[in-house]
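What's in start.pdb: PDB, C-alpha atoms
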ATOM      1  CA  MET B   1     132.540 137.654 111.860  1.00  0.00           C
ATOM      2  CA  PRO B   2     128.887 138.474 112.569  1.00  0.00           C
ATOM      3  CA  MET B   3     126.294 136.066 111.255  1.00  0.00           C
ATOM      4  CA  LYS B   4     123.969 137.435 108.583  1.00  0.00           C
ATOM      5  CA  VAL B   5     120.283 136.814 109.196  1.00  0.00           C
ATOM      6  CA  ARG B   6     117.996 136.283 106.227  1.00  0.00           C
ATOM      7  CA  HIS B   7     114.468 137.621 106.543  1.00  0.00           C
ATOM      8  CA  ASP B   8     113.210 137.028 103.021  1.00  0.00           C
ATOM      9  CA  GLY B   9     110.110 134.979 103.525  1.00  0.00           C
ATOM     10  CA  PHE B  10     111.015 133.410 106.880  1.00  0.00           C
ATOM     11  CA  LEU B  11     108.309 135.291 108.776  1.00  0.00           C
ATOM     12  CA  PHE B  12     105.753 134.590 106.056  1.00  0.00           C
ATOM     13  CA  LEU B  13     106.540 130.868 106.063  1.00  0.00           C
ATOM     14  CA  THR B  14     106.397 130.745 109.850  1.00  0.00           C
ATOM     15  CA  ALA B  15     103.005 132.471 109.879  1.00  0.00           C
ATOM     16  CA  LEU B  16     101.778 130.177 107.095  1.00  0.00           C
ATOM     17  CA  ILE B  17     102.820 127.040 108.990  1.00  0.00           C
ATOM     18  CA  ILE B  18     101.174 128.249 112.205  1.00  0.00           C
ATOM     19  CA  THR B  19      97.985 129.163 110.357  1.00  0.00           C
ATOM     20  CA  ILE B  20      97.888 125.826 108.559  1.00  0.00           C
ATOM     21  CA  SER B  21      98.363 123.931 111.792  1.00  0.00           C
ATOM     22  CA  MET B  22      95.423 125.827 113.287  1.00  0.00           C
ATOM     23  CA  ALA B  23      93.151 125.451 110.244  1.00  0.00           C
ATOM     24  CA  GLY B  24      89.808 124.055 111.201  1.00  0.00           C
ATOM     25  CA  LYS B  25      90.521 124.039 114.944  1.00  0.00           C
ATOM     26  CA  GLY B  26      88.363 126.044 117.285  1.00  0.00           C
ATOM     27  CA  GLN B  27      85.691 126.820 114.733  1.00  0.00           C
ATOM     28  CA  ASN B  28      83.082 127.662 117.355  1.00  0.00           C
ATOM     29  CA  GLU B  29      85.053 130.166 119.402  1.00  0.00           C
ATOM     30  CA  ASN B  30      86.673 131.814 116.356  1.00  0.00           C
ATOM     31  CA  LYS B  31      83.594 131.964 114.161  1.00  0.00           C
ATOM     32  CA  GLY B  32      83.959 134.878 111.785  1.00  0.00           C
ATOM     33  CA  LYS B  33      87.590 135.576 112.718  1.00  0.00           C
ATOM     34  CA  ASP B  34      89.519 132.688 111.181  1.00  0.00           C
ATOM     35  CA  ILE B  35      92.485 134.032 109.212  1.00  0.00           C
ATOM     36  CA  ALA B  36      93.157 130.588 107.747  1.00  0.00           C
ATOM     37  CA  TYR B  37      90.485 131.253 105.128  1.00  0.00           C
ATOM     38  CA  PHE B  38      92.294 134.379 103.948  1.00  0.00           C
ATOM     39  CA  VAL B  39      95.659 132.616 103.885  1.00  0.00           C
ATOM     40  CA  ALA B  40      94.135 129.833 101.756  1.00  0.00           C
ATOM     41  CA  TYR B  41      93.596 132.425  99.005  1.00  0.00           C
ATOM     42  CA  PHE B  42      96.931 134.199  99.449  1.00  0.00           C
ATOM     43  CA  LEU B  43      98.938 132.187  96.898  1.00  0.00           C
ATOM     44  CA  THR B  44      95.822 130.746  95.209  1.00  0.00           C
ATOM     45  CA  TRP B  45      96.717 127.327  93.802  1.00  0.00           C
ATOM     46  CA  LEU B  46      99.658 126.594  96.134  1.00  0.00           C
ATOM     47  CA  THR B  47      97.961 127.453  99.424  1.00  0.00           C
ATOM     48  CA  GLY B  48      94.729 125.960  98.068  1.00  0.00           C
ATOM     49  CA  ILE B  49      96.402 122.558  97.694  1.00  0.00           C
ATOM     50  CA  ILE B  50      98.042 122.782 101.128  1.00  0.00           C
ATOM     51  CA  PHE B  51      94.850 123.787 102.929  1.00  0.00           C
ATOM     52  CA  TYR B  52      92.782 121.156 101.119  1.00  0.00           C
ATOM     53  CA  PHE B  53      94.914 118.356 102.527  1.00  0.00           C
ATOM     54  CA  VAL B  54      95.255 119.930 105.978  1.00  0.00           C
ATOM     55  CA  ALA B  55      91.535 120.715 106.381  1.00  0.00           C
ATOM     56  CA  GLY B  56      90.602 117.225 107.546  1.00  0.00           C
ATOM     57  CA  ASP B  57      86.824 117.003 108.057  1.00  0.00           C
ATOM     58  CA  ASN B  58      86.240 120.758 107.788  1.00  0.00           C
ATOM     59  CA  LYS B  59      84.094 120.959 104.629  1.00  0.00           C
ATOM     60  CA  ARG B  60      83.976 124.747 104.632  1.00  0.00           C
ATOM     61  CA  MET B  61      87.784 124.957 104.631  1.00  0.00           C
ATOM     62  CA  LYS B  62      87.947 122.351 101.857  1.00  0.00           C
ATOM     63  CA  PHE B  63      85.435 124.388  99.848  1.00  0.00           C
ATOM     64  CA  HIS B  64      87.523 127.553 100.130  1.00  0.00           C
ATOM     65  CA  ALA B  65      90.763 125.675  99.477  1.00  0.00           C
ATOM     66  CA  LEU B  66      89.304 124.220  96.280  1.00  0.00           C
ATOM     67  CA  GLN B  67      87.915 127.590  95.260  1.00  0.00           C
ATOM     68  CA  ALA B  68      91.401 129.112  95.715  1.00  0.00           C
ATOM     69  CA  LEU B  69      92.946 126.235  93.756  1.00  0.00           C
ATOM     70  CA  PHE B  70      90.510 126.691  90.862  1.00  0.00           C
ATOM     71  CA  ILE B  71      91.125 130.461  90.834  1.00  0.00           C
ATOM     72  CA  GLY B  72      94.856 129.756  90.615  1.00  0.00           C
ATOM     73  CA  ILE B  73      94.335 127.342  87.728  1.00  0.00           C
ATOM     74  CA  ALA B  74      92.231 129.985  85.944  1.00  0.00           C
ATOM     75  CA  GLN B  75      95.062 132.490  86.422  1.00  0.00           C
ATOM     76  CA  ILE B  76      97.559 130.090  84.859  1.00  0.00           C
ATOM     77  CA  VAL B  77      95.284 129.424  81.886  1.00  0.00           C
ATOM     78  CA  ILE B  78      94.623 133.150  81.370  1.00  0.00           C
ATOM     79  CA  GLY B  79      98.322 133.963  81.613  1.00  0.00           C
ATOM     80  CA  LEU B  80      99.247 131.289  79.077  1.00  0.00           C
ATOM     81  CA  ALA B  81      96.438 132.259  76.705  1.00  0.00           C
ATOM     82  CA  PHE B  82      97.370 135.940  76.683  1.00  0.00           C
ATOM     83  CA  SER B  83     101.069 135.121  76.329  1.00  0.00           C
ATOM     84  CA  PHE B  84     100.282 132.877  73.377  1.00  0.00           C
ATOM     85  CA  ILE B  85      98.485 135.683  71.543  1.00  0.00           C
ATOM     86  CA  ARG B  86     101.257 138.165  72.464  1.00  0.00           C
ATOM     87  CA  LEU B  87      99.204 140.178  74.946  1.00  0.00           C
ATOM     88  CA  GLY B  88     101.115 139.135  78.055  1.00  0.00           C
ATOM     89  CA  THR B  89     100.855 142.579  79.660  1.00  0.00           C
ATOM     90  CA  LEU B  90      97.071 142.512  79.448  1.00  0.00           C
ATOM     91  CA  GLY B  91      97.048 138.964  80.846  1.00  0.00           C
ATOM     92  CA  GLY B  92      99.262 140.115  83.721  1.00  0.00           C
ATOM     93  CA  ALA B  93      96.908 142.978  84.512  1.00  0.00           C
ATOM     94  CA  ILE B  94      93.917 140.630  84.469  1.00  0.00           C
ATOM     95  CA  ASN B  95      95.751 138.214  86.772  1.00  0.00           C
ATOM     96  CA  ILE B  96      96.471 141.025  89.233  1.00  0.00           C
ATOM     97  CA  LEU B  97      92.765 141.846  89.317  1.00  0.00           C
ATOM     98  CA  ILE B  98      91.912 138.168  89.818  1.00  0.00           C
ATOM     99  CA  THR B  99      94.414 137.978  92.689  1.00  0.00           C
ATOM    100  CA  LEU B 100      92.826 141.015  94.351  1.00  0.00           C
ATOM    101  CA  TYR B 101      89.398 139.428  93.928  1.00  0.00           C
ATOM    102  CA  ALA B 102      90.675 136.164  95.445  1.00  0.00           C
ATOM    103  CA  TRP B 103      92.026 138.074  98.439  1.00  0.00           C
ATOM    104  CA  TYR B 104      88.625 139.753  98.823  1.00  0.00           C
ATOM    105  CA  VAL B 105      86.913 136.341  98.759  1.00  0.00           C
ATOM    106  CA  GLY B 106      89.383 135.085 101.389  1.00  0.00           C
ATOM    107  CA  PHE B 107      88.825 138.143 103.555  1.00  0.00           C
ATOM    108  CA  LYS B 108      85.056 137.709 103.411  1.00  0.00           C
ATOM    109  CA  ALA B 109      85.449 134.000 104.221  1.00  0.00           C
ATOM    110  CA  SER B 110      87.559 134.897 107.258  1.00  0.00           C
ATOM    111  CA  GLN B 111      84.686 137.133 108.364  1.00  0.00           C
ATOM    112  CA  GLY B 112      82.222 134.247 108.077  1.00  0.00           C
ATOM    113  CA  THR B 113      80.659 135.109 104.697  1.00  0.00           C
ATOM    114  CA  ASP B 114      80.974 132.694 101.788  1.00  0.00           C
ATOM    115  CA  VAL B 115      81.408 134.504  98.458  1.00  0.00           C
ATOM    116  CA  MET B 116      80.457 132.344  95.497  1.00  0.00           C
ATOM    117  CA  VAL B 117      82.871 132.809  92.595  1.00  0.00           C
ATOM    118  CA  PRO B 118      81.016 132.459  89.275  1.00  0.00           C
ATOM    119  CA  TYR B 119      81.530 129.089  87.543  1.00  0.00           C
ATOM    120  CA  ILE B 120      84.105 127.976  90.141  1.00  0.00           C
ATOM    121  CA  SER B 121      81.978 127.673  93.289  1.00  0.00           C
ATOM    122  CA  LYS B 122      79.781 124.961  91.801  1.00  0.00           C
ATOM    123  CA  TYR B 123      82.764 122.669  91.277  1.00  0.00           C
ATOM    124  CA  ALA B 124      84.269 123.537  94.653  1.00  0.00           C
ATOM    125  CA  LYS B 125      80.980 122.650  96.357  1.00  0.00           C
ATOM    126  CA  ASP B 126      80.706 119.364  94.449  1.00  0.00           C
ATOM    127  CA  TYR B 127      84.234 118.224  95.324  1.00  0.00           C
ATOM    128  CA  SER B 128      84.246 119.451  98.936  1.00  0.00           C
ATOM    129  CA  GLY B 129      80.787 118.246  99.950  1.00  0.00           C
ATOM    130  CA  TYR B 130      80.021 121.672 101.450  1.00  0.00           C
TER     131      TYR B 130
END

Now that the file is in, can you turn its structure into structure tokens?
Amino acid sequence: MPMKVRHDGFLFLTALIITISMAGKGQNENKGKDIAYFVAYFLTWLTGIIFYFVAGDNKRMKFHALQALFIGIAQIVIGLAFSFIRLGTLGGAINILITLYAWYVGFKASQGTDVMVPYISKYAKDYSGY
């Protein structure tokens, strides 16, 4: 009997683990081309937590990890608030737009440009020391 191979998420998890292990390494030779910053925003709060603890002494990575974490927390709060007032579809649409914005911020960070998210960046800077 042939063995069935599951592909659902295996490649993504492998790429995530490799990217996390490389986070913050080789900053000088990869300046402006570090995909780890984009991946930190990919699943907002989850990847934000992971990258915050993996970043080590890299304050810029910690800043972006915290910014992703805070964006994810905002998404949860918005989703719960709109569900509570029975406008879950509108909350879902807003969360999709926030996710797209977070991916844009991560893309710009991977290019070497720091995008400051209103209200959130101040706290991320304070807690990361960036």

Selection dump of the PyMOL selection byres ((chain B and resi 107) around 12), as a list in words: Gly32, Lys33, Asp34, Ile35, Ala36, Tyr37, Phe38, Val39, Ala40, Tyr41, Phe42, His64, Leu100, Tyr101, Ala102, Trp103, Tyr104, Val105, Gly106, Lys108, Ala109, Ser110, Gln111, Gly112, Thr113, Asp114 and Val115 of chain B

Contact residues around region 71-74 of chain B with only C-alpha atoms at 10 Å, ignoring same-chain residues under 6 positions, as a VMD selection string: chain B and resid 41 43 to 48 65 80 95 98 to 99 101 to 102 117 120 to 121

Shell around Tyr123 (chain B) at 9 Å using only C-alpha atoms, local window under 6 positions removed, as a PyMOL selection string: chain B and resi 66-67+70

For Leu69 (chain B), the nearest of the candidates B:Leu97, B:Lys125, B:Gly88, B:Tyr52, counting only C-alpha atoms: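 Closest to Leu69 (chain B) of all the choices is B:Tyr52.
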
Expected axis-aligned box over every listed atom of region 48-58 of chain B, 6 Å added per side, centre plus edges in Å to one decimal, as AutoDock Vina command-line options:
--center_x 92.1 --center_y 121.5 --center_z 102.9 --size_x 23.8 --size_y 21.0 --size_z 22.4

Option closest in space to Met61 (chain B), from B:Gln75, B:Phe84, B:Ile49, B:Leu90 [counting all atoms listed in the file]: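 Closest candidate: B:Ile49.
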